[in-house]
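A.B. asks: Contents are mmCIF, C-alpha atoms; file name query.cif:
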data_entry
loop_
_atom_site.label_atom_id
_atom_site.label_comp_id
_atom_site.auth_asym_id
_atom_site.auth_seq_id
_atom_site.Cartn_x
_atom_site.Cartn_y
_atom_site.Cartn_z
CA MET A 1 -208.21 130.93 -72.70
CA THR A 2 -205.43 133.39 -73.47
CA ASN A 3 -201.89 133.32 -72.16
CA GLU A 4 -200.92 136.39 -70.11
CA PRO A 5 -199.19 138.68 -70.67
CA TYR A 6 -198.76 137.93 -74.37
CA ARG A 7 -202.39 137.07 -75.22
CA TYR A 8 -202.09 134.24 -77.71
CA SER A 9 -204.73 131.59 -78.26
CA PRO A 10 -204.24 127.81 -78.41
CA PRO A 11 -202.40 126.19 -80.08
CA VAL A 12 -200.23 129.24 -80.91
CA ASP A 13 -199.72 129.89 -77.20
CA ARG A 14 -197.81 126.61 -76.92
CA LEU A 15 -194.92 128.27 -78.75
CA LEU A 16 -194.39 130.55 -75.74
CA THR A 17 -192.92 127.63 -73.81
CA TYR A 18 -191.97 125.28 -76.64
CA GLY A 19 -188.26 125.34 -75.95
CA ASP A 20 -184.83 126.90 -76.38
CA CYS A 21 -183.92 126.80 -80.09
CA ARG A 22 -180.25 126.44 -79.24
CA THR A 23 -180.93 122.94 -77.94
CA MET A 24 -182.74 121.84 -81.12
CA ARG A 25 -180.59 120.21 -83.80
CA GLU A 26 -183.36 120.45 -86.40
CA TRP A 27 -186.55 122.39 -86.74
CA PRO A 28 -189.46 120.51 -85.16
CA ASP A 29 -192.60 119.75 -87.15
CA TYR A 30 -194.75 122.58 -85.81
CA LEU A 31 -197.80 121.35 -87.66
CA GLN A 32 -197.98 118.49 -85.17
CA LEU A 33 -199.06 121.08 -82.61
CA GLY A 34 -202.25 121.59 -84.61
CA LEU A 35 -201.09 124.78 -86.28
CA ALA A 36 -202.91 125.43 -89.57
CA SER A 37 -203.66 128.21 -92.04
CA GLU A 38 -206.21 129.83 -89.72
CA HIS A 39 -203.40 130.50 -87.23
CA VAL A 40 -201.21 132.40 -89.71
CA PRO A 41 -202.30 135.93 -88.63
CA GLU A 42 -201.52 135.16 -85.00
CA LEU A 43 -198.19 133.57 -85.95
CA ILE A 44 -197.27 136.70 -87.91
CA ARG A 45 -198.09 138.80 -84.86
CA MET A 46 -195.97 136.55 -82.65
CA ALA A 47 -193.01 136.65 -85.08
CA ALA A 48 -192.98 140.44 -84.88
CA ASP A 49 -193.92 140.80 -81.18
CA GLU A 50 -191.39 143.22 -79.68
CA ASP A 51 -192.32 142.21 -76.12
CA LEU A 52 -191.26 138.66 -76.96
CA HIS A 53 -188.12 139.73 -78.80
CA PHE A 54 -187.06 141.70 -75.72
CA ALA A 55 -188.21 139.16 -73.15
CA ASP A 56 -185.78 137.87 -70.53
CA SER A 57 -182.93 136.23 -72.44
CA ASP A 58 -183.09 133.24 -70.10
CA SER A 59 -186.81 132.72 -70.65
CA LEU A 60 -188.49 130.38 -73.12
CA GLU A 61 -190.79 133.18 -74.30
CA VAL A 62 -187.86 134.92 -76.03
CA TRP A 63 -187.74 131.98 -78.49
CA ALA A 64 -191.43 132.18 -79.40
CA PRO A 65 -190.90 134.50 -82.43
CA VAL A 66 -188.34 132.05 -83.83
CA HIS A 67 -190.80 129.17 -83.48
CA ALA A 68 -193.48 131.35 -85.06
CA TRP A 69 -191.56 132.19 -88.23
CA ARG A 70 -190.45 128.59 -88.60
CA ALA A 71 -194.09 127.52 -88.40
CA LEU A 72 -195.02 130.13 -91.03
CA GLY A 73 -192.43 128.60 -93.33
CA GLN A 74 -193.76 125.09 -92.78
CA LEU A 75 -197.28 126.36 -93.47
CA ARG A 76 -195.96 128.00 -96.67
CA ALA A 77 -197.80 131.13 -95.62
CA GLU A 78 -197.57 133.46 -98.64
CA VAL A 79 -199.40 136.20 -96.73
CA ALA A 80 -196.43 136.32 -94.32
CA LEU A 81 -193.95 137.39 -97.02
CA LYS A 82 -194.22 141.15 -96.59
CA PRO A 83 -194.40 141.12 -92.76
CA LEU A 84 -191.34 138.87 -92.62
CA LEU A 85 -189.43 141.10 -95.03
CA GLU A 86 -190.23 144.03 -92.75
CA LEU A 87 -188.93 141.98 -89.83
CA LEU A 88 -185.76 141.23 -91.80
CA GLU A 89 -185.17 144.95 -92.30
CA ARG A 90 -185.77 145.61 -88.62
CA PHE A 91 -183.17 143.10 -87.51
CA ALA A 92 -180.67 144.18 -90.15
CA ASP A 93 -180.94 147.77 -88.92
CA ASP A 94 -179.99 146.77 -85.37
CA ILE A 95 -176.29 145.96 -85.43
CA LYS A 96 -176.51 144.78 -81.80
CA SER A 97 -179.28 142.27 -82.48
CA ASP A 98 -178.60 138.56 -82.65
CA ASP A 99 -178.56 137.04 -86.11
CA TYR A 100 -181.31 134.48 -85.68
CA ALA A 101 -183.65 136.35 -88.01
CA LEU A 102 -180.95 137.01 -90.60
CA ASP A 103 -179.87 133.36 -90.47
CA GLU A 104 -183.29 131.71 -90.39
CA LEU A 105 -185.65 133.90 -92.40
CA PRO A 106 -183.95 132.91 -95.69
CA GLU A 107 -184.87 129.30 -94.94
CA VAL A 108 -188.43 130.38 -94.09
CA PHE A 109 -188.71 132.11 -97.48
CA GLY A 110 -187.23 129.03 -99.07
CA LEU A 111 -190.00 126.90 -97.56
CA ILE A 112 -192.66 129.33 -98.77
CA GLY A 113 -191.27 128.68 -102.22
CA ARG A 114 -191.52 130.15 -105.70
CA THR A 115 -194.35 132.51 -104.77
CA ALA A 116 -191.74 134.43 -102.76
CA LEU A 117 -189.65 135.21 -105.85
CA PRO A 118 -191.26 138.52 -106.90
CA ASP A 119 -191.04 140.03 -103.41
CA LEU A 120 -187.52 138.75 -102.78
CA THR A 121 -186.30 139.95 -106.17
CA ALA A 122 -187.78 143.41 -105.68
CA TYR A 123 -186.22 143.58 -102.22
CA LEU A 124 -182.80 142.50 -103.50
CA GLN A 125 -182.82 145.04 -106.32
CA ASP A 126 -183.80 147.98 -104.10
CA ASP A 127 -180.57 149.54 -102.89
CA GLU A 128 -182.51 151.61 -100.36
CA HIS A 129 -182.51 148.50 -98.17
CA LEU A 130 -179.57 147.77 -95.91
CA ASP A 131 -176.86 145.51 -97.32
CA ARG A 132 -177.26 143.08 -94.41
CA ALA A 133 -180.91 142.63 -95.29
CA ARG A 134 -180.22 142.34 -99.03
CA ILE A 135 -177.58 139.70 -98.31
CA ALA A 136 -180.25 137.73 -96.46
CA ALA A 137 -182.49 138.14 -99.52
CA THR A 138 -179.82 136.58 -101.74
CA SER A 139 -179.64 133.65 -99.32
CA ALA A 140 -183.42 133.39 -99.41
CA LEU A 141 -183.39 133.14 -103.20
CA ARG A 142 -180.78 130.38 -102.98
CA CYS A 143 -182.97 128.57 -100.42
CA VAL A 144 -185.97 128.75 -102.78
CA ALA A 145 -183.85 127.15 -105.51
CA GLU A 146 -182.67 124.44 -103.15
CA HIS A 147 -186.23 123.58 -102.14
CA ASP A 148 -187.57 123.85 -105.69
CA PRO A 149 -184.85 122.99 -108.25
CA ALA A 150 -187.19 124.00 -111.07
CA THR A 151 -186.59 127.64 -110.04
CA ARG A 152 -182.81 127.33 -110.15
CA ASP A 153 -182.18 128.87 -113.58
CA GLU A 154 -184.48 131.81 -112.89
CA ILE A 155 -182.83 132.49 -109.55
CA VAL A 156 -179.29 132.24 -110.94
CA ALA A 157 -180.30 134.81 -113.56
CA ILE A 158 -181.60 137.15 -110.82
CA LEU A 159 -178.42 136.84 -108.75
CA LEU A 160 -176.19 137.19 -111.81
CA GLN A 161 -178.00 140.33 -112.94
CA GLN A 162 -177.37 141.81 -109.50
CA LEU A 163 -173.69 140.82 -109.50
CA GLN A 164 -173.22 142.56 -112.85
CA GLN A 165 -173.47 145.81 -110.89
CA PHE A 166 -170.37 144.84 -108.86
CA ASP A 167 -168.58 148.09 -109.60
CA VAL A 168 -171.17 150.18 -107.72
CA GLN A 169 -171.92 147.71 -104.92
CA ASP A 170 -170.33 146.99 -101.55
CA GLU A 171 -167.50 144.45 -101.71
CA GLY A 172 -169.14 142.31 -99.03
CA PHE A 173 -172.48 142.30 -100.85
CA ASN A 174 -170.69 141.11 -103.99
CA GLY A 175 -168.92 138.42 -101.98
CA PHE A 176 -172.19 137.00 -100.67
CA LEU A 177 -173.76 137.08 -104.13
CA ILE A 178 -170.80 135.04 -105.40
CA SER A 179 -171.11 132.66 -102.45
CA ASP A 180 -174.74 131.91 -103.31
CA LEU A 181 -173.92 131.49 -107.00
CA VAL A 182 -171.16 129.03 -106.06
CA ASP A 183 -173.62 127.11 -103.87
CA LEU A 184 -175.96 126.89 -106.87
CA LYS A 185 -173.06 125.68 -109.04
CA ALA A 186 -173.74 128.52 -111.45
CA GLN A 187 -171.03 127.94 -114.06
CA GLU A 188 -172.81 130.50 -116.24
CA ALA A 189 -171.79 133.19 -113.75
CA LEU A 190 -168.05 132.52 -113.93
CA PHE A 191 -167.24 135.29 -116.42
CA VAL A 192 -168.87 138.00 -114.28
CA ILE A 193 -167.41 136.54 -111.08
CA GLU A 194 -163.92 136.73 -112.60
CA GLN A 195 -164.55 140.32 -113.67
CA ALA A 196 -165.62 141.27 -110.14
CA PHE A 197 -162.46 139.80 -108.63
CA ALA A 198 -160.28 141.42 -111.29
CA ALA A 199 -161.83 144.78 -110.43
CA GLY A 200 -161.03 144.32 -106.73
CA ALA A 201 -164.75 144.56 -106.00
CA VAL A 202 -165.07 141.43 -103.81
CA ASP A 203 -164.47 141.01 -100.10
CA GLU A 204 -162.17 137.99 -100.11
CA MET A 205 -162.93 137.17 -96.48
CA ILE A 206 -166.23 135.65 -97.64
CA MET A 207 -165.31 133.22 -100.42
CA GLY A 208 -161.57 133.62 -100.75
CA ASP A 209 -160.06 134.87 -104.00
CA TRP A 210 -160.58 133.96 -107.65
CA GLU A 211 -158.35 130.90 -107.29
CA ASP A 212 -160.49 129.61 -104.41
CA VAL A 213 -163.64 130.08 -106.49
CA GLN A 214 -162.14 128.17 -109.42
CA ILE A 215 -161.34 125.30 -107.05
CA LYS A 216 -164.94 125.35 -105.78
CA PHE A 217 -166.15 124.98 -109.36
CA GLY A 218 -163.70 122.17 -110.05
CA LEU A 219 -161.72 124.23 -112.57
CA LYS A 220 -158.54 123.81 -110.52
CA ALA A 221 -157.44 120.95 -108.31
CA GLU A 222 -155.40 123.15 -105.97
CA ARG A 223 -153.98 126.63 -105.55
CA GLU A 224 -151.08 127.77 -107.72
CA THR A 225 -150.14 130.56 -105.31
CA PRO A 226 -149.88 130.64 -101.49
CA ARG A 227 -153.18 131.34 -99.76
CA PRO A 228 -153.23 134.98 -98.59
CA ASN A 229 -154.26 136.10 -95.13
CA TYR A 230 -157.66 137.46 -96.17
CA PHE A 231 -158.27 139.15 -92.84
CA LEU A 232 -155.09 141.20 -93.09
CA LYS A 233 -155.88 142.04 -96.71
CA SER A 234 -159.29 143.38 -95.65
CA PHE A 235 -158.09 145.06 -92.46
CA PRO A 236 -154.51 146.17 -93.04
CA PRO A 237 -152.89 147.83 -90.01
CA GLU A 238 -152.69 151.57 -90.27
CA PRO A 239 -149.14 152.71 -91.09
CA GLU A 240 -147.31 154.62 -88.37
CA GLU A 241 -147.09 157.66 -90.62
CA LEU A 242 -150.89 157.72 -90.90
CA LEU A 243 -151.28 157.57 -87.13
CA GLN A 244 -148.76 160.40 -86.79
CA ALA A 245 -150.58 162.49 -89.38
CA VAL A 246 -153.85 162.00 -87.52
CA ALA A 247 -152.19 162.95 -84.23
CA ASP A 248 -150.68 166.10 -85.78
CA GLU A 249 -154.01 167.03 -87.25
CA THR A 250 -155.76 166.85 -83.88
CA LYS A 251 -153.12 169.08 -82.31
CA ARG A 252 -153.21 171.92 -84.81
CA PRO A 253 -155.79 172.35 -87.55
CA ARG A 254 -154.14 173.10 -90.88
CA PRO A 255 -154.75 172.44 -94.58
CA LEU A 256 -153.33 169.08 -95.58
CA GLY A 257 -151.18 168.76 -98.66
CA GLY A 258 -148.96 166.20 -100.33
CA LYS A 259 -148.26 163.06 -98.30
CA ALA A 260 -150.37 164.15 -95.34
CA ALA A 261 -153.38 164.64 -97.61
CA LYS A 262 -152.96 161.15 -99.03
CA ASN A 263 -152.72 159.72 -95.54
CA GLU A 264 -155.88 161.51 -94.45
CA LYS A 265 -157.76 160.09 -97.45
CA ALA A 266 -156.45 156.62 -96.59
CA LYS A 267 -157.68 156.99 -93.01
CA HIS A 268 -161.18 157.93 -94.14
CA LYS A 269 -161.22 155.13 -96.69
CA GLN A 270 -160.22 152.54 -94.06
CA ALA A 271 -162.79 153.86 -91.58
CA LYS A 272 -165.51 153.67 -94.21
CA LYS A 273 -164.47 150.13 -95.13
CA THR A 274 -164.54 149.06 -91.48
CA ARG A 275 -168.04 150.48 -91.02
CA LYS A 276 -169.19 148.52 -94.04
CA LYS A 277 -167.67 145.33 -92.66
CA ASN A 278 -169.32 145.86 -89.31
CA ARG A 279 -172.72 146.23 -90.92
CA LYS A 280 -172.33 142.73 -92.35
CA LYS A 281 -171.48 141.03 -89.07
#
Output the structure of this file as structure tokens.

C.D. replies:
Amino acid sequence: MTNEPYRYSPPVDRLLTYGDCRTMREWPDYLQLGLASEHVPELIRMAADEDLHFADSDSLEVWAPVHAWRALGQLRAEVALKPLLELLERFADDIKSDDYALDELPEVFGLIGRTALPDLTAYLQDDEHLDRARIAATSALRCVAEHDPATRDEIVAILLQQLQQFDVQDEGFNGFLISDLVDLKAQEALFVIEQAFAAGAVDEMIMGDWEDVQIKFGLKAERETPRPNYFLKSFPPEPEELLQAVADETKRPRPLGGKAAKNEKAKHKQAKKTRKKNRKK
């Protein structure tokens, strides 16, 4: 007996009405529903089912993909790695999408365990992928280490190798790499972390500044300087002269020189920075 209109067989079809994930404090034990390895292909299909993802937001069916990928994690379904990475990219590419996939898929990969390391590492290192998706991959690697402490040193080395490229990477991406290294208590990464902050290559809205990181590692008991307003540092208000220069430029096209040229460059730099920030939200 299939369940119309989504056509899933028992016991997978039970996930269509299993419940609103927002009301669940912890992930249920989906294996108690009778889900087993033979249901993995159908669970993969459900996790990626666009009809379910775009179901009525007030329906229970819209939560079925979330239940499906959680179940895949609990089943430690290695065969789901590549389909779930594709799903991660799909959600990262849609800035209007909710962040359930970006928040939860790292934990799913963590449950799958050390067999996920090659795929996650390759994904992280490929800068053709969106930063939002690569940030989720760094979180996934941290989750693997948390579930399997024996992988911790290998995963710290992977994250540290990526952070060493801080000078050519997005500031937010560097910030999330540092955040995961802090969570893993990676003292061996401190030298590179300090270098990244010294180079101004870290978005301080994520982990704070170098002083905050030292406190996290227990190297300092408290700050020696007042805590900055990290939001204002990342999104400084545009100076009035810049706004005036932009207004003048829209009124009469002309070559920019001197101060006006500098202001125009600043405007483009700020706009680019804002776009980068928005991609990480």

A.B. asks: Quick one: distance from CA of Glu107 (chain A) to CA of Gly73 (chain A) in Å, one decimal?

C.D. replies: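 Atom-to-atom, CA of Glu107 (chain A) to CA of Gly73 (chain A), that is 7.8 Å.
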
A.B. asks: Tell me which residues the PyMOL selection byres ((chain A and resi 22) around 12) grabs here, as a ChimeraX atom specification.

C.D. replies: /A:19-21,23-27,58,60,62-63,66-67,100

A.B. asks: Record the distance separating CA of Arg152 (chain A) and CA of Asp183 (chain A), expressed in Å with one decimal.

C.D. replies: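 These atoms are spaced 11.1 Å apart.
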
A.B. asks: Please provide as a PyMOL selection string all residues within 12 Å of Pro83 (chain A), with the sequence filter that same-chain residues fewer than 5 positions apart are discarded (counting only C-alpha atoms).

C.D. replies: chain A and resi 40-41+43-49+69+72+77-78+88-90+105+109+119

A.B. asks: My list of candidates is A:Asp29, A:Glu204, A:Asp126, A:Glu61. Which is closest to Asp13 (chain A) when distances are computed with all atoms listed in the file?

C.D. replies: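 For Asp13 (chain A), the nearest of the given residues is A:Glu61.
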